[in-house]
Amino acid sequence: MTKSTSRVLRVFSTYLPVLLIVLFAMSPYIWTFLSSITPETDLYTREFHFVPEHPTINNYVRLFTKIHFARNIIDSIFVAVATAIFGLTITVPASYSFSRFRFRGRKMMLMQFLGINMFPIMLLIIPLFIIMKNLHLMDTHLALIISYSTMAIPFSVWMLTSFFNSIPTELDQAAMIDGCSGMQVMLRVTIPIAMPGIISTGIYIFITAWNEFLYAAILTSSQVRTIPVALQNMIGEYQIEWGLLTAGGIVSALPVIVLFFFIQRHLISGMTAGAVKG
Amino acid sequence: MKPRSRIFPYSLITPAMVITILIIFIPMFRTLTYSLTNYILWKPAERGFAGLENYRKAFTDPIFLLSLKNTVIWIVVIITGQFLLGLGTALLLNRDFIGRGVARSLILIPWVTPSVITALMWRWMYDGNQGVINEILVRMGILDVYFPFLANSHTALWAIMFALLWQGFPFFAIMILAGLQSIPNELYEASEVDGAGRRIKFFRITLPMLKPVILTTILLRTIWVANSLDIIFIMTGGGPGYSTHTLPVYSYIRAYKGFDFGYSSAIAVLLTIFLIAFVAVYIRSILKDGES
């Protein structure tokens with residue numbers, strides 16, 4: 001085979017299919033973005049335009065002036081940050097314990113934490129609604145923070161345990177010989193080394209809390225309204241304003257995508273480590 | 001490692017354990033008890049123990065049976081689709097080409113997309129009046145006129161499944177890609193010496209080596225896909241008619257439109273039982289396979 005035909009073959013066998021898949025992955029965003037910069041009235045004209053004739057940022061302006069989207073963003077940030085901090089506070093020690101110690105019931109408890117994911121949300125949400133109501137926590141940030149932190153346990157424990165496992169135990173042992181207590185070893189030796197992994201996990205918890213819809217729809221209403229619920233309420237209205245809605249979609253997806261790019265490498269290595277080893 | 005004190009490992013787990021009991025296990029137990037009662041919020045007088053009445057009702061309820069059937073279709077179609085597209089993507093990304101890192105990052109974007117955004121983007125693209133998918137299909141000559149994909153009871157479920165295929169295939173791709181990269185090159189080299197072609201290499205080396213990753217990923221995704229209801233809820237609300245009802249959707253609608261907490265709980269418990277049964281059979285067959 002000559003060099004040029006093999007190059008042509010490469011274009012068709014590799015670059016073209018890759019391009020198609022990337023296009024498939026990106027196209028909903030491309031279309032949503034194009035709609036968001038189209039004037040609301042142009043969206044409903046008979047004539048179809050793939051690229052807006054009169055691009056505008058009006059939809060974004062209306063998002064922040066007409067409806068209280070800034071307030072939704074603040075609610076979402078607050079809940080997601082608090083969930084990440086609280087979630088890590090409970091899962092870092094637990095994962096450390098699973099990674100470093102062999103004790104009675106370890107396997108069972110690990111399986112139990114990972115198994116939480118298996119339960120349908122509908123199995124939990126009615127009683128949770130009643131419990132939150134009785135505790136007067138309905139429509140508060142706290143209700144969401146507690147629920148989301150619990151939901152984050154399986155994934156965090158999976159990730160963090162694999163990060164801790166990748167740190168050799170010799171350092172722990174050296175610190176022990178130097179007279180550090182178990183707690184000191186964890187706080188001063190292992191956690192600082194595992195920090196990149198811990199931060200990635202925290203960002204992942206942030207993303208899941210930011211994205212969550214069902215708990216928020218049920219446990220909050222007027223005082224606290226996160227972005228997904230706010231967007232859903234816009235769909236529920238009599239006439240859907242797609243210009244506004246697509247702008248809202250872009251604004252809420254953007255931070256998630258940016259954050260994700262930062263943690264991608266760590267996230268993937270932590271996530272796949274458990275599965276690849278089997 | 002041997003801890004100095006026996007309680008230390010347990011004390012580290014305690015906070016996570018306590019919150020799990022409060023937010024997962026206690027509610028779960030209460031749902032189980034609700035499912036055995038007649039508990040309709042606006043009929044407080046009738047509230048009381050009902051035995052297995054809610055479960056008996058489920059198996060004679062045509063909407064429940066339809067939701068069960070839809071749930072099976074939902075899981076099988078989506079998992080198969082995500083797996084095949086994910087495998088293809090992983091095989092492509094495993095090749096050496098310029099821009100591989102960028103392509104990998106971009107392909108992952110659907111996976112981090114919030115369900116609400118996925119639902120609204122696709123709902124807008126499927127729109128029967130201004131939807132871009134309709135426009136493209138008409139221009140390509142596949143459709144004569146715009147078709148309301150989500151408002152037609154024959155196509156609605158398939159349209160939503162396609163949106164979920166989009167959202168979930170990157171997860172398969174990334175897991176399988178990691179699996180591909182862990183296959184030692186020596187295996188391929190050795191088989192080349194034996195004169196194996198590409199096809200034989202794929203079926204004799206690649207697929208068997210990927211098996212553990214594929215099996216784990218299918219398990220994780222099946223549980224997630226079976227439980228996902230927000231996309232359906234936002235795209236169609238379970239309609240038109242009952243055509244996009246799956247078990248979680250039906251349970252949700254019984255609870256928040258009908259306020260029938262007893263029946264809704266029974267549906268949720270049944271879904272859980274089905275899932276646990278599936279997982280048990282699945283894991284057992286993997287273990288058996290591993291022994292032989």
# chains A, B, ... in the order shown; residues from 1 in each chain; ligands from 1
>>> closest_atom_pairs(of="chain A", to="chain B", cutoff="7 Å", atoms="only C-alpha atoms", output="tab-separated table")
residue	atom	partner	partner_atom	distance
A:Thr14	CA	B:Leu92	CA	6.6
A:Val18	CA	B:Leu92	CA	6.8
A:Val22	CA	B:Ile107	CA	5.5
A:Ala25	CA	B:Ile107	CA	5.5
A:Pro28	CA	B:Met121	CA	6.2
A:Thr32	CA	B:Met121	CA	6.3
A:Tyr44	CA	B:Gln130	CA	6.7
A:Ile90	CA	B:Ala16	CA	5.2
A:Thr91	CA	B:Ala16	CA	6.3
A:Pro93	CA	B:Leu12	CA	5.0
A:Ala94	CA	B:Ile13	CA	4.3
A:Ser97	CA	B:Pro9	CA	5.2
A:Arg100	CA	B:Met1	CA	5.9
A:Phe101	CA	B:Met1	CA	5.2
A:Arg102	CA	B:Met1	CA	6.7
A:Met118	CA	B:Ile223	CA	5.9
A:Phe119	CA	B:Thr272	CA	6.3
A:Pro120	CA	B:Asn227	CA	5.3
A:Met122	CA	B:Ala268	CA	5.7
A:Leu123	CA	B:Ala268	CA	5.3
A:Leu124	CA	B:Pro27	CA	5.2
A:Pro127	CA	B:Pro27	CA	5.1
A:Leu128	CA	B:Pro27	CA	6.0
A:Ser147	CA	B:Ile23	CA	6.7
A:Thr150	CA	B:Thr20	CA	6.2
A:Asn211	CA	B:Pro114	CA	4.7
A:Leu214	CA	B:Asp230	CA	6.6
A:Pro228	CA	B:Val116	CA	6.0
A:Gly249	CA	B:Ile117	CA	5.8
A:Ala253	CA	B:Thr113	CA	6.5
A:Ile257	CA	B:Ile109	CA	6.8
A:Thr272	CA	B:Met175	CA	5.9
A:Ala275	CA	B:Val213	CA	5.6
A:Val276	CA	B:Val213	CA	5.4
A:Gly278	CA	B:Pro212	CA	5.8
>>> write_last_selection(atoms="C-alpha atoms", output="mmCIF file, in the first residue's frame")
data_model
loop_
_atom_site.group_PDB
_atom_site.id
_atom_site.type_symbol
_atom_site.label_atom_id
_atom_site.label_comp_id
_atom_site.auth_asym_id
_atom_site.auth_seq_id
_atom_site.Cartn_x
_atom_site.Cartn_y
_atom_site.Cartn_z
ATOM 1 C CA THR A 14 -10.541 6.921 12.044
ATOM 2 C CA VAL A 18 -14.446 10.193 15.418
ATOM 3 C CA VAL A 22 -17.952 14.151 18.545
ATOM 4 C CA ALA A 25 -22.046 14.397 21.485
ATOM 5 C CA PRO A 28 -27.599 19.240 21.303
ATOM 6 C CA THR A 32 -29.304 24.916 22.275
ATOM 7 C CA TYR A 44 -41.561 30.687 16.058
ATOM 8 C CA ILE A 90 -18.164 11.940 56.112
ATOM 9 C CA THR A 91 -16.704 9.913 53.234
ATOM 10 C CA PRO A 93 -12.559 9.054 56.959
ATOM 11 C CA ALA A 94 -14.764 6.132 55.964
ATOM 12 C CA SER A 97 -10.673 3.184 57.013
ATOM 13 C CA ARG A 100 -6.077 1.007 55.348
ATOM 14 C CA PHE A 101 -7.590 -1.388 57.843
ATOM 15 C CA ARG A 102 -8.822 -4.940 57.727
ATOM 16 C CA MET A 118 -29.322 0.370 43.916
ATOM 17 C CA PHE A 119 -32.339 1.740 45.706
ATOM 18 C CA PRO A 120 -34.810 3.628 43.560
ATOM 19 C CA MET A 122 -39.057 6.419 44.994
ATOM 20 C CA LEU A 123 -38.225 3.996 47.768
ATOM 21 C CA LEU A 124 -36.913 6.850 49.886
ATOM 22 C CA PRO A 127 -40.791 9.002 53.994
ATOM 23 C CA LEU A 128 -38.009 11.554 53.520
ATOM 24 C CA SER A 147 -29.981 14.204 51.198
ATOM 25 C CA THR A 150 -25.985 10.682 51.477
ATOM 26 C CA ASN A 211 -27.501 18.672 38.593
ATOM 27 C CA LEU A 214 -36.064 15.074 41.927
ATOM 28 C CA PRO A 228 -33.005 22.472 37.695
ATOM 29 C CA GLY A 249 -29.760 25.623 30.025
ATOM 30 C CA ALA A 253 -24.503 23.506 32.082
ATOM 31 C CA ILE A 257 -18.562 21.325 31.937
ATOM 32 C CA THR A 272 -11.953 2.978 36.313
ATOM 33 C CA ALA A 275 -13.678 -1.708 37.575
ATOM 34 C CA VAL A 276 -10.607 -2.593 35.551
ATOM 35 C CA GLY A 278 -12.391 -6.321 38.574
#
>>> residues_around(residues="Gln173 of chain A", least_positions_apart="4", cutoff="9 Å", atoms="only C-alpha atoms", output="PyMOL selection string")
(chain A and resi 169+177-178+185) or (chain B and resi 1)
>>> select_by_dssp(residues="segment 37-273 of chain A", states="helix (DSSP H, G or I)", output="count of residues only")
182
>>> closest_residue(among="A:Phe113, A:Phe164, A:Phe206, A:Phe64", to="Leu88 of chain A", atoms="only C-alpha atoms")
A:Phe206
>>> select_by_dssp(residues="segment 3-172 of chain B", states="strand (DSSP E or B)", output="ChimeraX atom specification")
/B:37-38,40,48-49
>>> residues_around(residues="Val77 of chain B", least_positions_apart="2", cutoff="12 Å", atoms="only C-alpha atoms", output="mmCIF file with C-alpha atoms, in the first residue's frame")
data_model
loop_
_atom_site.group_PDB
_atom_site.id
_atom_site.type_symbol
_atom_site.label_atom_id
_atom_site.label_comp_id
_atom_site.auth_asym_id
_atom_site.auth_seq_id
_atom_site.Cartn_x
_atom_site.Cartn_y
_atom_site.Cartn_z
ATOM 1 C CA ASN B 70 -41.890 -0.394 29.345
ATOM 2 C CA THR B 71 -39.260 -0.685 32.081
ATOM 3 C CA VAL B 72 -37.912 -3.890 30.538
ATOM 4 C CA ILE B 73 -37.839 -2.322 27.034
ATOM 5 C CA TRP B 74 -36.277 0.810 28.508
ATOM 6 C CA ILE B 75 -33.438 -1.084 30.189
ATOM 7 C CA ILE B 79 -28.125 -0.597 27.801
ATOM 8 C CA THR B 80 -27.616 -2.397 24.485
ATOM 9 C CA GLY B 81 -27.412 0.898 22.601
ATOM 10 C CA GLN B 82 -25.091 2.562 25.098
ATOM 11 C CA PHE B 83 -22.861 -0.500 25.200
ATOM 12 C CA LEU B 84 -22.502 -0.826 21.424
ATOM 13 C CA LEU B 157 -40.625 6.150 24.494
ATOM 14 C CA TRP B 158 -38.115 5.577 21.679
ATOM 15 C CA ALA B 159 -37.403 9.281 21.394
ATOM 16 C CA ILE B 160 -36.621 9.495 25.118
ATOM 17 C CA MET B 161 -34.506 6.339 24.960
ATOM 18 C CA PHE B 162 -32.455 7.945 22.212
ATOM 19 C CA LEU B 164 -30.663 8.684 27.202
ATOM 20 C CA LEU B 165 -28.441 6.820 24.763
ATOM 21 C CA THR B 222 -28.549 -1.011 34.468
ATOM 22 C CA VAL B 225 -31.035 3.466 33.940
ATOM 23 C CA ALA B 226 -33.727 1.431 35.694
#
>>> residues_around(residues="Phe155 of chain A", least_positions_apart="4", cutoff="12 Å", atoms="only C-alpha atoms", output="ChimeraX atom specification")
/A:87-88,91-92,95,110,113-118,148-151,159-162,200-202,204-205,208,267,270-272,274 /B:220
